[in-house]
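Chemist: Could you have a look at this structure, given as structure tokens, before my questions?
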Amino acid sequence: MEKRFLLTFLVPCLNEVETIEKAVKSAHQAGRKWLPEKFEILVTDNGSTDGSQRKVSKQGIARLIKVSVRGYGAALHWGILKAKGEFVLYADADLSYDFGETKKFLKYLAKNYDLVLGSRIKGKIDKGAMPLLNRYLGTPVLTTLIRLMYRIKTTDCNSGMRMVRKDFYKSLKMRNSGMEWASELLLKTALHQGKYAEVPINFHQDWRKRPPHLLRWVDGWRHLKAIVLLKPNSLAIPLLFFAILTGIFVKTSFGISFFFALLTGALFLSILAIKILHDAIEGTQSRVLRFIQKFPIVPLAIFITILGFIQLFLIADQHLGTKLFISSTVIIFDMWVFLIETIKTHLVNRLPDILE
């Protein structure tokens with residue numbers, strides 16, 4: 001029978017030959033001190049080519065798993081699912097997080113918390129450990145957005161040291177394989193009303209000599225995209241309200257008003273498409289998805305297209321703006337219908353992978 005543990009220390013690894021041994025040793029010392037005989041150490045390697053795997057194997061105190069799917073999220077996802085512990089405490093291999101702070105997390109084990117986040121903001125950040133843009137712009141903006149949209153009292157959405165309960169994690173149906181996985185874990189904890197807590201931790205300077213894997217603007221965009229896609233409803237009312245009010249109160253030409261009307265319609269359809277896509281991916285049957293499945297949108301698209309072409313022929317050529325507005329409206333709606341039908345075919349009404 002496979003041995004089970006209370007806690008798994010998880011270290012994701014991608015070309016961390018300079019620091020991986022120290023990270024594993026730090027986890028081992030913490031486990032021996034606080035959880036003797038009740039812990040394991042797991043390293044999930046994401047395709048290292050610098051000898052990291054060899055160093056872990058030679059050290060002999062961590063279980064090594066090779067993850068074929070690239071990405072920070074993929075490495076942690078595989079690790080959590082393969083962990084033998086009821087809880088998984090993970091931290092990066094660059095030694096910017098210290099497993100010596102494990103004790104701060106342990107009091108939440110008995111209380112069966114679902115996610116405990118180590119907050120760098122509540123703790124101490126060493127000089128030069130975090131880039132200024134990340135510390136004073138990226139992390140605060142994304143964290144504030146999450147607090148407002150998801151009603152979860154987080155202070156550090158990008159923290160790389162967290163403890164998660166394995167059974168709870170398996171219920172989240174995680175999707176992202178990249179850096180945005182960190183935001184998805186936090187957001188789905190809020191959506192599933194998981195027991196959440198934070199502990200202050202210290203954030204240290206990266207010990208590696210090479211540049212970090214983090215791509216500031218690309219990863220920031222991916223985090224923002226995850227925040228929006230997981231709860232598209234929250235953006236619908238404010239964005240539509242803004243577009244409509246702008247079109248009404250901005251004193252400008254009739255053509256610009258047409259433009260704002262078109263923008264409002266396109267915005268509404270986009271938000272609706274995001275909502276349908278989210279429900280289809282998650283396998284949930286919301287009222288919106290059920291309505292779209294029953295509503296004859298293809299015949300409606302055909303009718304609107306025919307009506308639009310008739311109007312283009314009937315309207316005089318001097319009303320070019322009106323013609324452009326009608327043709328743009330028809331094109332946008334037809335593209336939206338094509339997108340929705342694609343979602344229905346490939347995600348909602350798709351063939352099953354396994355026949356029962």
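Please note that chains go A, B, ... in the order of the structure tokens, that every chain numbers its residues from 1, and that ligands are numbered from 1 in the order shown.
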Which residues are close to Leu289 of chain A, i.e. within 9 Å by only C-alpha atoms, leaving aside same-chain residues fewer than 2 positions away? Reply as JSON, numbers by chain.
Modeler: {"A": [275, 276, 277, 279, 280, 284, 285, 286, 287, 291, 292, 293, 294]}
Chemist: Residues near Tyr150 of chain A, anyone? I mean within 10 Å using only C-alpha atoms, not counting same-chain ones fewer than 3 positions away, as a PyMOL selection string.
Modeler: chain A and resi 144-147+153-154+186-191+227+230-231+234
Chemist: Restrict the selected residues to C-alpha atoms and save them as a short mmCIF file (atom, residue, chain, number, x, y, z; two decimals), in the first residue's frame.
Modeler:
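In the end it all went to out_37.cif:
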data_model
loop_
_atom_site.label_atom_id
_atom_site.label_comp_id
_atom_site.auth_asym_id
_atom_site.auth_seq_id
_atom_site.Cartn_x
_atom_site.Cartn_y
_atom_site.Cartn_z
CA THR A 144 -6.96 45.13 -6.10
CA LEU A 145 -8.88 43.92 -9.16
CA ILE A 146 -9.16 40.44 -7.65
CA ARG A 147 -10.34 41.83 -4.31
CA LYS A 153 -9.19 39.34 1.03
CA THR A 154 -5.85 38.78 -0.64
CA LEU A 186 -6.69 32.14 -6.05
CA LEU A 187 -9.77 33.03 -8.11
CA LYS A 188 -11.23 29.53 -8.10
CA THR A 189 -10.68 29.30 -4.36
CA ALA A 190 -12.90 32.38 -4.08
CA LEU A 191 -15.50 31.06 -6.54
CA ILE A 227 -9.07 37.35 -13.98
CA LEU A 230 -13.16 33.46 -14.96
CA LYS A 231 -15.84 36.01 -14.09
CA SER A 234 -18.65 41.32 -13.43
#
Chemist: Which residues come within 12 Å of segment 333-335 of chain A, counting only C-alpha atoms, excluding same-chain residues fewer than 2 positions away, as a PyMOL selection string?
Modeler: chain A and resi 262+265-270+273+297-306+308+326-331+337-342
Chemist: Using N, CA and C atoms, can you write the selected residues to a file as a compact mmCIF listing (two decimals), in the first residue's frame?
Modeler:
# COMPACT_ATOMS: atom_id res chain seq x y z
N LEU A 262 -22.34 51.15 -32.04
CA LEU A 262 -21.74 49.93 -32.58
C LEU A 262 -20.79 49.30 -31.56
N GLY A 265 -22.76 47.53 -28.81
CA GLY A 265 -23.28 46.24 -29.27
C GLY A 265 -22.19 45.18 -29.35
N ALA A 266 -21.02 45.57 -29.91
CA ALA A 266 -19.90 44.63 -30.02
C ALA A 266 -19.41 44.20 -28.65
N LEU A 267 -19.40 45.15 -27.71
CA LEU A 267 -18.96 44.87 -26.35
C LEU A 267 -19.91 43.88 -25.67
N PHE A 268 -21.20 44.10 -25.86
CA PHE A 268 -22.18 43.21 -25.27
C PHE A 268 -22.04 41.78 -25.81
N LEU A 269 -21.88 41.65 -27.13
CA LEU A 269 -21.73 40.33 -27.74
C LEU A 269 -20.43 39.66 -27.29
N SER A 270 -19.38 40.44 -27.12
CA SER A 270 -18.10 39.88 -26.69
C SER A 270 -18.20 39.32 -25.27
N ALA A 273 -20.15 36.17 -25.33
CA ALA A 273 -19.35 35.06 -25.86
C ALA A 273 -18.39 34.53 -24.81
N ILE A 297 -30.17 31.10 -33.35
CA ILE A 297 -29.35 32.26 -33.73
C ILE A 297 -28.91 32.22 -35.19
N VAL A 298 -28.77 31.03 -35.77
CA VAL A 298 -28.36 30.96 -37.18
C VAL A 298 -29.46 31.51 -38.09
N PRO A 299 -30.73 31.08 -37.96
CA PRO A 299 -31.79 31.71 -38.77
C PRO A 299 -31.87 33.22 -38.54
N LEU A 300 -31.66 33.66 -37.30
CA LEU A 300 -31.67 35.09 -37.01
C LEU A 300 -30.55 35.80 -37.76
N ALA A 301 -29.36 35.18 -37.80
CA ALA A 301 -28.23 35.77 -38.50
C ALA A 301 -28.51 35.88 -40.00
N ILE A 302 -29.12 34.84 -40.55
CA ILE A 302 -29.48 34.86 -41.97
C ILE A 302 -30.48 35.98 -42.25
N PHE A 303 -31.50 36.11 -41.39
CA PHE A 303 -32.52 37.14 -41.55
C PHE A 303 -31.90 38.54 -41.48
N ILE A 304 -31.03 38.77 -40.47
CA ILE A 304 -30.41 40.08 -40.30
C ILE A 304 -29.50 40.40 -41.48
N THR A 305 -28.79 39.40 -42.00
CA THR A 305 -27.90 39.61 -43.15
C THR A 305 -28.70 40.01 -44.39
N ILE A 306 -29.78 39.30 -44.66
CA ILE A 306 -30.63 39.63 -45.82
C ILE A 306 -31.23 41.02 -45.67
N GLY A 308 -30.09 43.46 -43.91
CA GLY A 308 -29.02 44.45 -44.03
C GLY A 308 -28.69 44.76 -45.47
N ILE A 326 -24.60 49.97 -40.89
CA ILE A 326 -25.40 48.77 -41.10
C ILE A 326 -24.52 47.59 -41.49
N SER A 327 -23.60 47.80 -42.43
CA SER A 327 -22.74 46.70 -42.88
C SER A 327 -21.83 46.22 -41.74
N SER A 328 -21.33 47.16 -40.93
CA SER A 328 -20.47 46.77 -39.80
C SER A 328 -21.25 45.96 -38.78
N THR A 329 -22.49 46.39 -38.53
CA THR A 329 -23.32 45.67 -37.57
C THR A 329 -23.58 44.24 -38.03
N VAL A 330 -23.90 44.09 -39.30
CA VAL A 330 -24.17 42.75 -39.85
C VAL A 330 -22.92 41.87 -39.76
N ILE A 331 -21.77 42.42 -40.12
CA ILE A 331 -20.52 41.64 -40.10
C ILE A 331 -20.16 41.21 -38.68
N VAL A 337 -22.00 35.00 -34.31
CA VAL A 337 -22.77 33.77 -34.47
C VAL A 337 -21.85 32.61 -34.86
N PHE A 338 -20.91 32.88 -35.76
CA PHE A 338 -19.96 31.84 -36.17
C PHE A 338 -19.14 31.36 -34.96
N LEU A 339 -18.71 32.29 -34.13
CA LEU A 339 -17.95 31.94 -32.93
C LEU A 339 -18.79 31.11 -31.97
N ILE A 340 -20.02 31.52 -31.73
CA ILE A 340 -20.89 30.80 -30.80
C ILE A 340 -21.19 29.39 -31.31
N GLU A 341 -21.44 29.26 -32.60
CA GLU A 341 -21.70 27.93 -33.17
C GLU A 341 -20.47 27.04 -33.08
N THR A 342 -19.28 27.63 -33.21
CA THR A 342 -18.04 26.86 -33.05
C THR A 342 -17.90 26.36 -31.62
Chemist: Could you name the residues that touch segment 44-61 of chain A at 12 Å or less, counting only C-alpha atoms, but leaving out those on the same chain fewer than 4 positions away, as JSON, numbers by chain?
Modeler: {"A": [9, 10, 11, 12, 13, 14, 15, 16, 17, 18, 19, 20, 21, 22, 23, 24, 25, 26, 27, 28, 29, 31, 32, 39, 40, 65, 66, 67, 68, 69, 70, 71, 72, 73, 74, 75, 76, 77, 78, 79, 80, 81, 82, 83, 90, 91, 92, 93, 177, 178]}
Chemist: Please, which residues of segment 43-277 of chain A, numbered as in this document, come out helix (DSSP H, G or I) from DSSP, as a compact mmCIF listing (two decimals) with N, CA and C atoms, in the first residue's frame?
Modeler:
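For reference, selection_30.txt as written:
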# COMPACT_ATOMS: atom_id res chain seq x y z
N SER A 52 20.01 19.82 -13.71
CA SER A 52 19.19 19.92 -12.49
C SER A 52 18.65 18.56 -12.07
N GLN A 53 18.16 17.79 -13.02
CA GLN A 53 17.59 16.47 -12.70
C GLN A 53 18.63 15.56 -12.07
N ARG A 54 19.84 15.59 -12.61
CA ARG A 54 20.91 14.75 -12.10
C ARG A 54 21.25 15.12 -10.65
N LYS A 55 21.25 16.41 -10.36
CA LYS A 55 21.56 16.86 -9.00
C LYS A 55 20.51 16.41 -8.00
N VAL A 56 19.23 16.48 -8.40
CA VAL A 56 18.15 16.05 -7.51
C VAL A 56 18.25 14.55 -7.24
N SER A 57 18.49 13.79 -8.29
CA SER A 57 18.59 12.33 -8.15
C SER A 57 19.77 11.96 -7.27
N LYS A 58 20.89 12.61 -7.46
CA LYS A 58 22.10 12.31 -6.70
C LYS A 58 21.93 12.66 -5.22
N GLN A 59 21.15 13.73 -4.95
CA GLN A 59 20.93 14.16 -3.57
C GLN A 59 20.17 13.11 -2.78
N TYR A 72 4.95 27.02 -15.82
CA TYR A 72 4.98 27.07 -14.36
C TYR A 72 3.76 26.38 -13.76
N GLY A 73 2.59 26.69 -14.31
CA GLY A 73 1.36 26.09 -13.82
C GLY A 73 1.32 24.59 -14.03
N ALA A 74 1.82 24.15 -15.19
CA ALA A 74 1.84 22.71 -15.48
C ALA A 74 2.71 21.96 -14.48
N ALA A 75 3.88 22.52 -14.16
CA ALA A 75 4.78 21.88 -13.20
C ALA A 75 4.13 21.73 -11.83
N LEU A 76 3.44 22.77 -11.38
CA LEU A 76 2.79 22.72 -10.07
C LEU A 76 1.54 21.83 -10.10
N HIS A 77 0.81 21.87 -11.19
CA HIS A 77 -0.40 21.04 -11.33
C HIS A 77 -0.04 19.56 -11.25
N TRP A 78 0.97 19.14 -12.01
CA TRP A 78 1.40 17.75 -11.98
C TRP A 78 1.88 17.38 -10.58
N GLY A 79 2.62 18.29 -9.96
CA GLY A 79 3.16 18.02 -8.64
C GLY A 79 2.08 17.81 -7.60
N ILE A 80 1.07 18.68 -7.61
CA ILE A 80 -0.02 18.57 -6.62
C ILE A 80 -0.80 17.28 -6.82
N LEU A 81 -1.08 16.93 -8.07
CA LEU A 81 -1.84 15.71 -8.34
C LEU A 81 -1.04 14.45 -8.02
N LYS A 82 0.28 14.52 -8.15
CA LYS A 82 1.14 13.36 -7.87
C LYS A 82 1.60 13.30 -6.41
N PHE A 99 11.72 27.79 2.92
CA PHE A 99 10.92 26.74 3.56
C PHE A 99 11.09 26.74 5.08
N GLY A 100 12.07 27.50 5.58
CA GLY A 100 12.21 27.65 7.01
C GLY A 100 11.03 28.33 7.67
N GLU A 101 10.16 28.94 6.86
CA GLU A 101 8.95 29.60 7.38
C GLU A 101 7.74 28.67 7.38
N LYS A 103 6.59 26.70 9.53
CA LYS A 103 5.80 26.68 10.78
C LYS A 103 4.59 27.61 10.71
N LYS A 104 4.72 28.73 9.97
CA LYS A 104 3.62 29.68 9.88
C LYS A 104 2.38 29.07 9.21
N PHE A 105 2.61 28.07 8.36
CA PHE A 105 1.51 27.43 7.63
C PHE A 105 0.89 26.28 8.42
N LEU A 106 1.65 25.68 9.31
CA LEU A 106 1.23 24.42 9.93
C LEU A 106 -0.02 24.53 10.79
N LEU A 132 10.67 47.18 -9.20
CA LEU A 132 9.80 48.26 -8.74
C LEU A 132 8.44 48.23 -9.44
N LEU A 133 8.43 47.95 -10.76
CA LEU A 133 7.15 47.91 -11.49
C LEU A 133 6.26 46.80 -10.97
N ASN A 134 6.84 45.66 -10.66
CA ASN A 134 6.06 44.55 -10.11
C ASN A 134 5.52 44.89 -8.73
N ARG A 135 6.36 45.54 -7.91
CA ARG A 135 5.99 45.80 -6.52
C ARG A 135 4.96 46.91 -6.38
N TYR A 136 5.10 47.97 -7.17
CA TYR A 136 4.25 49.14 -6.98
C TYR A 136 3.18 49.33 -8.06
N LEU A 137 3.22 48.51 -9.12
CA LEU A 137 2.20 48.64 -10.17
C LEU A 137 1.52 47.31 -10.45
N GLY A 138 2.27 46.33 -10.97
CA GLY A 138 1.67 45.07 -11.40
C GLY A 138 0.93 44.32 -10.31
N THR A 139 1.63 43.95 -9.24
CA THR A 139 1.00 43.18 -8.17
C THR A 139 -0.12 43.93 -7.46
N PRO A 140 0.06 45.23 -7.10
CA PRO A 140 -1.05 45.94 -6.44
C PRO A 140 -2.29 46.09 -7.31
N VAL A 141 -2.10 46.36 -8.62
CA VAL A 141 -3.25 46.54 -9.52
C VAL A 141 -4.02 45.23 -9.66
N LEU A 142 -3.32 44.15 -9.95
CA LEU A 142 -3.98 42.86 -10.12
C LEU A 142 -4.63 42.39 -8.81
N THR A 143 -3.96 42.62 -7.70
CA THR A 143 -4.51 42.22 -6.40
C THR A 143 -5.78 43.00 -6.08
N THR A 144 -5.77 44.31 -6.35
CA THR A 144 -6.96 45.13 -6.10
C THR A 144 -8.12 44.69 -6.98
N LEU A 145 -7.84 44.38 -8.24
CA LEU A 145 -8.88 43.92 -9.16
C LEU A 145 -9.49 42.62 -8.66
N ILE A 146 -8.66 41.71 -8.18
CA ILE A 146 -9.16 40.44 -7.65
C ILE A 146 -10.01 40.66 -6.40
N ARG A 147 -9.57 41.54 -5.53
CA ARG A 147 -10.34 41.83 -4.31
C ARG A 147 -11.72 42.38 -4.64
N LEU A 148 -11.79 43.27 -5.65
CA LEU A 148 -13.05 43.89 -6.02
C LEU A 148 -13.98 42.91 -6.74
N MET A 149 -13.43 42.11 -7.66
CA MET A 149 -14.26 41.24 -8.49
C MET A 149 -14.64 39.95 -7.79
N TYR A 150 -13.73 39.42 -6.96
CA TYR A 150 -13.94 38.09 -6.40
C TYR A 150 -14.20 38.10 -4.89
N LYS A 166 -4.94 19.09 -1.13
CA LYS A 166 -4.97 18.37 -2.40
C LYS A 166 -6.39 18.05 -2.87
N ASP A 167 -7.23 17.54 -2.00
CA ASP A 167 -8.60 17.18 -2.41
C ASP A 167 -9.37 18.40 -2.90
N PHE A 168 -9.15 19.53 -2.26
CA PHE A 168 -9.81 20.76 -2.71
C PHE A 168 -9.28 21.16 -4.08
N TYR A 169 -7.98 21.07 -4.27
CA TYR A 169 -7.39 21.44 -5.57
C TYR A 169 -7.97 20.60 -6.70
N LYS A 170 -8.16 19.31 -6.46
CA LYS A 170 -8.68 18.43 -7.51
C LYS A 170 -10.08 18.82 -7.94
N TRP A 181 -1.54 30.55 -13.81
CA TRP A 181 -2.07 29.50 -12.95
C TRP A 181 -2.19 29.99 -11.50
N ALA A 182 -1.25 30.84 -11.09
CA ALA A 182 -1.26 31.35 -9.72
C ALA A 182 -2.53 32.16 -9.45
N SER A 183 -2.92 33.00 -10.41
CA SER A 183 -4.16 33.77 -10.26
C SER A 183 -5.38 32.86 -10.31
N GLU A 184 -5.36 31.89 -11.22
CA GLU A 184 -6.50 30.97 -11.35
C GLU A 184 -6.74 30.22 -10.04
N LEU A 185 -5.68 29.78 -9.38
CA LEU A 185 -5.82 29.08 -8.11
C LEU A 185 -6.51 29.96 -7.07
N LEU A 186 -6.11 31.20 -7.01
CA LEU A 186 -6.69 32.14 -6.05
C LEU A 186 -8.15 32.44 -6.39
N LEU A 187 -8.42 32.67 -7.67
CA LEU A 187 -9.77 33.03 -8.11
C LEU A 187 -10.75 31.88 -7.91
N LYS A 188 -10.33 30.68 -8.25
CA LYS A 188 -11.23 29.53 -8.10
C LYS A 188 -11.44 29.17 -6.63
N THR A 189 -10.47 29.47 -5.80
CA THR A 189 -10.68 29.30 -4.36
C THR A 189 -11.82 30.21 -3.90
N ALA A 190 -11.83 31.45 -4.42
CA ALA A 190 -12.90 32.38 -4.08
C ALA A 190 -14.24 31.91 -4.64
N LEU A 191 -14.25 31.49 -5.90
CA LEU A 191 -15.50 31.06 -6.54
C LEU A 191 -16.08 29.81 -5.89
N ARG A 216 7.58 40.10 -17.67
CA ARG A 216 6.71 41.01 -16.94
C ARG A 216 5.41 41.34 -17.67
N TRP A 217 5.49 41.87 -18.89
CA TRP A 217 4.29 42.35 -19.56
C TRP A 217 3.45 41.20 -20.11
N VAL A 218 4.11 40.18 -20.65
CA VAL A 218 3.38 39.03 -21.19
C VAL A 218 2.64 38.30 -20.07
N ASP A 219 3.35 38.03 -18.98
CA ASP A 219 2.71 37.31 -17.87
C ASP A 219 1.66 38.17 -17.16
N GLY A 220 1.91 39.49 -17.11
CA GLY A 220 0.91 40.38 -16.53
C GLY A 220 -0.39 40.34 -17.32
N TRP A 221 -0.27 40.34 -18.64
CA TRP A 221 -1.46 40.26 -19.50
C TRP A 221 -2.18 38.92 -19.30
N ARG A 222 -1.41 37.84 -19.17
CA ARG A 222 -2.03 36.54 -18.99
C ARG A 222 -2.76 36.45 -17.65
N HIS A 223 -2.20 37.07 -16.62
CA HIS A 223 -2.89 37.13 -15.32
C HIS A 223 -4.19 37.91 -15.45
N LEU A 224 -4.13 39.06 -16.13
CA LEU A 224 -5.32 39.90 -16.31
C LEU A 224 -6.39 39.14 -17.10
N LYS A 225 -5.97 38.43 -18.14
CA LYS A 225 -6.91 37.66 -18.95
C LYS A 225 -7.61 36.60 -18.11
N ALA A 226 -6.85 35.92 -17.25
CA ALA A 226 -7.45 34.89 -16.38
C ALA A 226 -8.47 35.50 -15.43
N ILE A 227 -8.16 36.68 -14.91
CA ILE A 227 -9.07 37.35 -13.98
C ILE A 227 -10.40 37.68 -14.67
N VAL A 228 -10.32 38.15 -15.91
CA VAL A 228 -11.53 38.54 -16.64
C VAL A 228 -12.33 37.33 -17.10
N LEU A 229 -11.63 36.32 -17.65
CA LEU A 229 -12.32 35.17 -18.24
C LEU A 229 -13.03 34.31 -17.21
N ASN A 233 -19.08 38.10 -16.09
CA ASN A 233 -20.30 38.84 -15.74
C ASN A 233 -20.00 40.15 -15.02
N SER A 234 -18.94 40.15 -14.24
CA SER A 234 -18.65 41.32 -13.43
C SER A 234 -18.26 42.54 -14.26
N LEU A 235 -17.83 42.31 -15.50
CA LEU A 235 -17.44 43.42 -16.36
C LEU A 235 -18.58 43.93 -17.23
N ALA A 236 -19.61 43.14 -17.38
CA ALA A 236 -20.66 43.46 -18.33
C ALA A 236 -21.32 44.81 -18.04
N ILE A 237 -21.86 44.97 -16.84
CA ILE A 237 -22.61 46.18 -16.52
C ILE A 237 -21.75 47.44 -16.56
N PRO A 238 -20.58 47.48 -15.88
CA PRO A 238 -19.79 48.72 -15.92
C PRO A 238 -19.30 49.11 -17.31
N LEU A 239 -18.88 48.13 -18.11
CA LEU A 239 -18.38 48.45 -19.45
C LEU A 239 -19.49 48.94 -20.37
N LEU A 240 -20.62 48.25 -20.31
CA LEU A 240 -21.75 48.68 -21.14
C LEU A 240 -22.27 50.05 -20.69
N PHE A 241 -22.34 50.24 -19.40
CA PHE A 241 -22.80 51.51 -18.84
C PHE A 241 -21.88 52.65 -19.31
N PHE A 242 -20.57 52.40 -19.28
CA PHE A 242 -19.60 53.41 -19.71
C PHE A 242 -19.77 53.73 -21.19
N ALA A 243 -19.91 52.69 -22.02
CA ALA A 243 -20.03 52.91 -23.47
C ALA A 243 -21.32 53.67 -23.82
N ILE A 244 -22.42 53.31 -23.17
CA ILE A 244 -23.70 53.97 -23.46
C ILE A 244 -23.67 55.43 -23.01
N LEU A 245 -23.17 55.68 -21.79
CA LEU A 245 -23.12 57.05 -21.29
C LEU A 245 -22.19 57.93 -22.12
N THR A 246 -21.09 57.36 -22.56
CA THR A 246 -20.17 58.12 -23.40
C THR A 246 -20.84 58.53 -24.69
N GLY A 247 -21.56 57.58 -25.30
CA GLY A 247 -22.27 57.89 -26.53
C GLY A 247 -23.35 58.94 -26.35
N ILE A 248 -23.98 58.98 -25.17
CA ILE A 248 -25.09 59.91 -24.94
C ILE A 248 -24.58 61.32 -24.61
N PHE A 249 -23.59 61.39 -23.72
CA PHE A 249 -23.21 62.69 -23.17
C PHE A 249 -22.04 63.38 -23.88
N PHE A 254 -23.01 63.08 -35.31
CA PHE A 254 -23.94 61.96 -35.37
C PHE A 254 -23.22 60.66 -35.71
N GLY A 255 -22.17 60.76 -36.53
CA GLY A 255 -21.39 59.58 -36.91
C GLY A 255 -20.67 58.95 -35.74
N ILE A 256 -20.14 59.81 -34.84
CA ILE A 256 -19.46 59.29 -33.66
C ILE A 256 -20.46 58.60 -32.73
N SER A 257 -21.67 59.13 -32.66
CA SER A 257 -22.70 58.48 -31.85
C SER A 257 -23.02 57.08 -32.39
N PHE A 258 -23.06 56.99 -33.73
CA PHE A 258 -23.24 55.69 -34.37
C PHE A 258 -22.11 54.73 -33.96
N PHE A 259 -20.90 55.29 -33.93
CA PHE A 259 -19.74 54.47 -33.57
C PHE A 259 -19.88 53.93 -32.15
N PHE A 260 -20.31 54.77 -31.21
CA PHE A 260 -20.46 54.33 -29.83
C PHE A 260 -21.58 53.31 -29.70
N ALA A 261 -22.61 53.45 -30.51
CA ALA A 261 -23.68 52.46 -30.51
C ALA A 261 -23.16 51.11 -30.99
N LEU A 262 -22.34 51.15 -32.04
CA LEU A 262 -21.74 49.93 -32.58
C LEU A 262 -20.79 49.30 -31.56
N LEU A 263 -20.02 50.15 -30.89
CA LEU A 263 -19.08 49.68 -29.89
C LEU A 263 -19.82 49.01 -28.73
N THR A 264 -20.93 49.60 -28.31
CA THR A 264 -21.72 49.02 -27.22
C THR A 264 -22.25 47.64 -27.60
N GLY A 265 -22.76 47.53 -28.81
CA GLY A 265 -23.28 46.24 -29.27
C GLY A 265 -22.19 45.18 -29.35
N ALA A 266 -21.02 45.57 -29.91
CA ALA A 266 -19.90 44.63 -30.02
C ALA A 266 -19.41 44.20 -28.65
N LEU A 267 -19.40 45.15 -27.71
CA LEU A 267 -18.96 44.87 -26.35
C LEU A 267 -19.91 43.88 -25.67
N PHE A 268 -21.20 44.10 -25.86
CA PHE A 268 -22.18 43.21 -25.27
C PHE A 268 -22.04 41.78 -25.81
N LEU A 269 -21.88 41.65 -27.13
CA LEU A 269 -21.73 40.33 -27.74
C LEU A 269 -20.43 39.66 -27.29
N SER A 270 -19.38 40.44 -27.12
CA SER A 270 -18.10 39.88 -26.69
C SER A 270 -18.20 39.32 -25.27
N ILE A 271 -18.82 40.08 -24.38
CA ILE A 271 -18.98 39.63 -23.00
C ILE A 271 -19.86 38.38 -22.94
N LEU A 272 -20.89 38.36 -23.76
CA LEU A 272 -21.77 37.20 -23.82
C LEU A 272 -21.01 35.97 -24.32
N ALA A 273 -20.15 36.17 -25.33
CA ALA A 273 -19.35 35.06 -25.86
C ALA A 273 -18.39 34.53 -24.81
N ILE A 274 -17.77 35.43 -24.05
CA ILE A 274 -16.85 35.02 -22.98
C ILE A 274 -17.59 34.19 -21.94
N LYS A 275 -18.79 34.62 -21.59
CA LYS A 275 -19.60 33.90 -20.61
C LYS A 275 -19.95 32.49 -21.11
N ILE A 276 -20.35 32.39 -22.36
CA ILE A 276 -20.71 31.09 -22.94
C ILE A 276 -19.49 30.18 -23.03
N LEU A 277 -18.35 30.75 -23.44
CA LEU A 277 -17.12 29.97 -23.53
C LEU A 277 -16.71 29.45 -22.16
Chemist: Rounded to one decimal, what separation in Å do you get between atom CA of Leu115 of chain A and atom CA of Ala197 of chain A?
Modeler: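 Distance between the two atoms: 6.7 Å.
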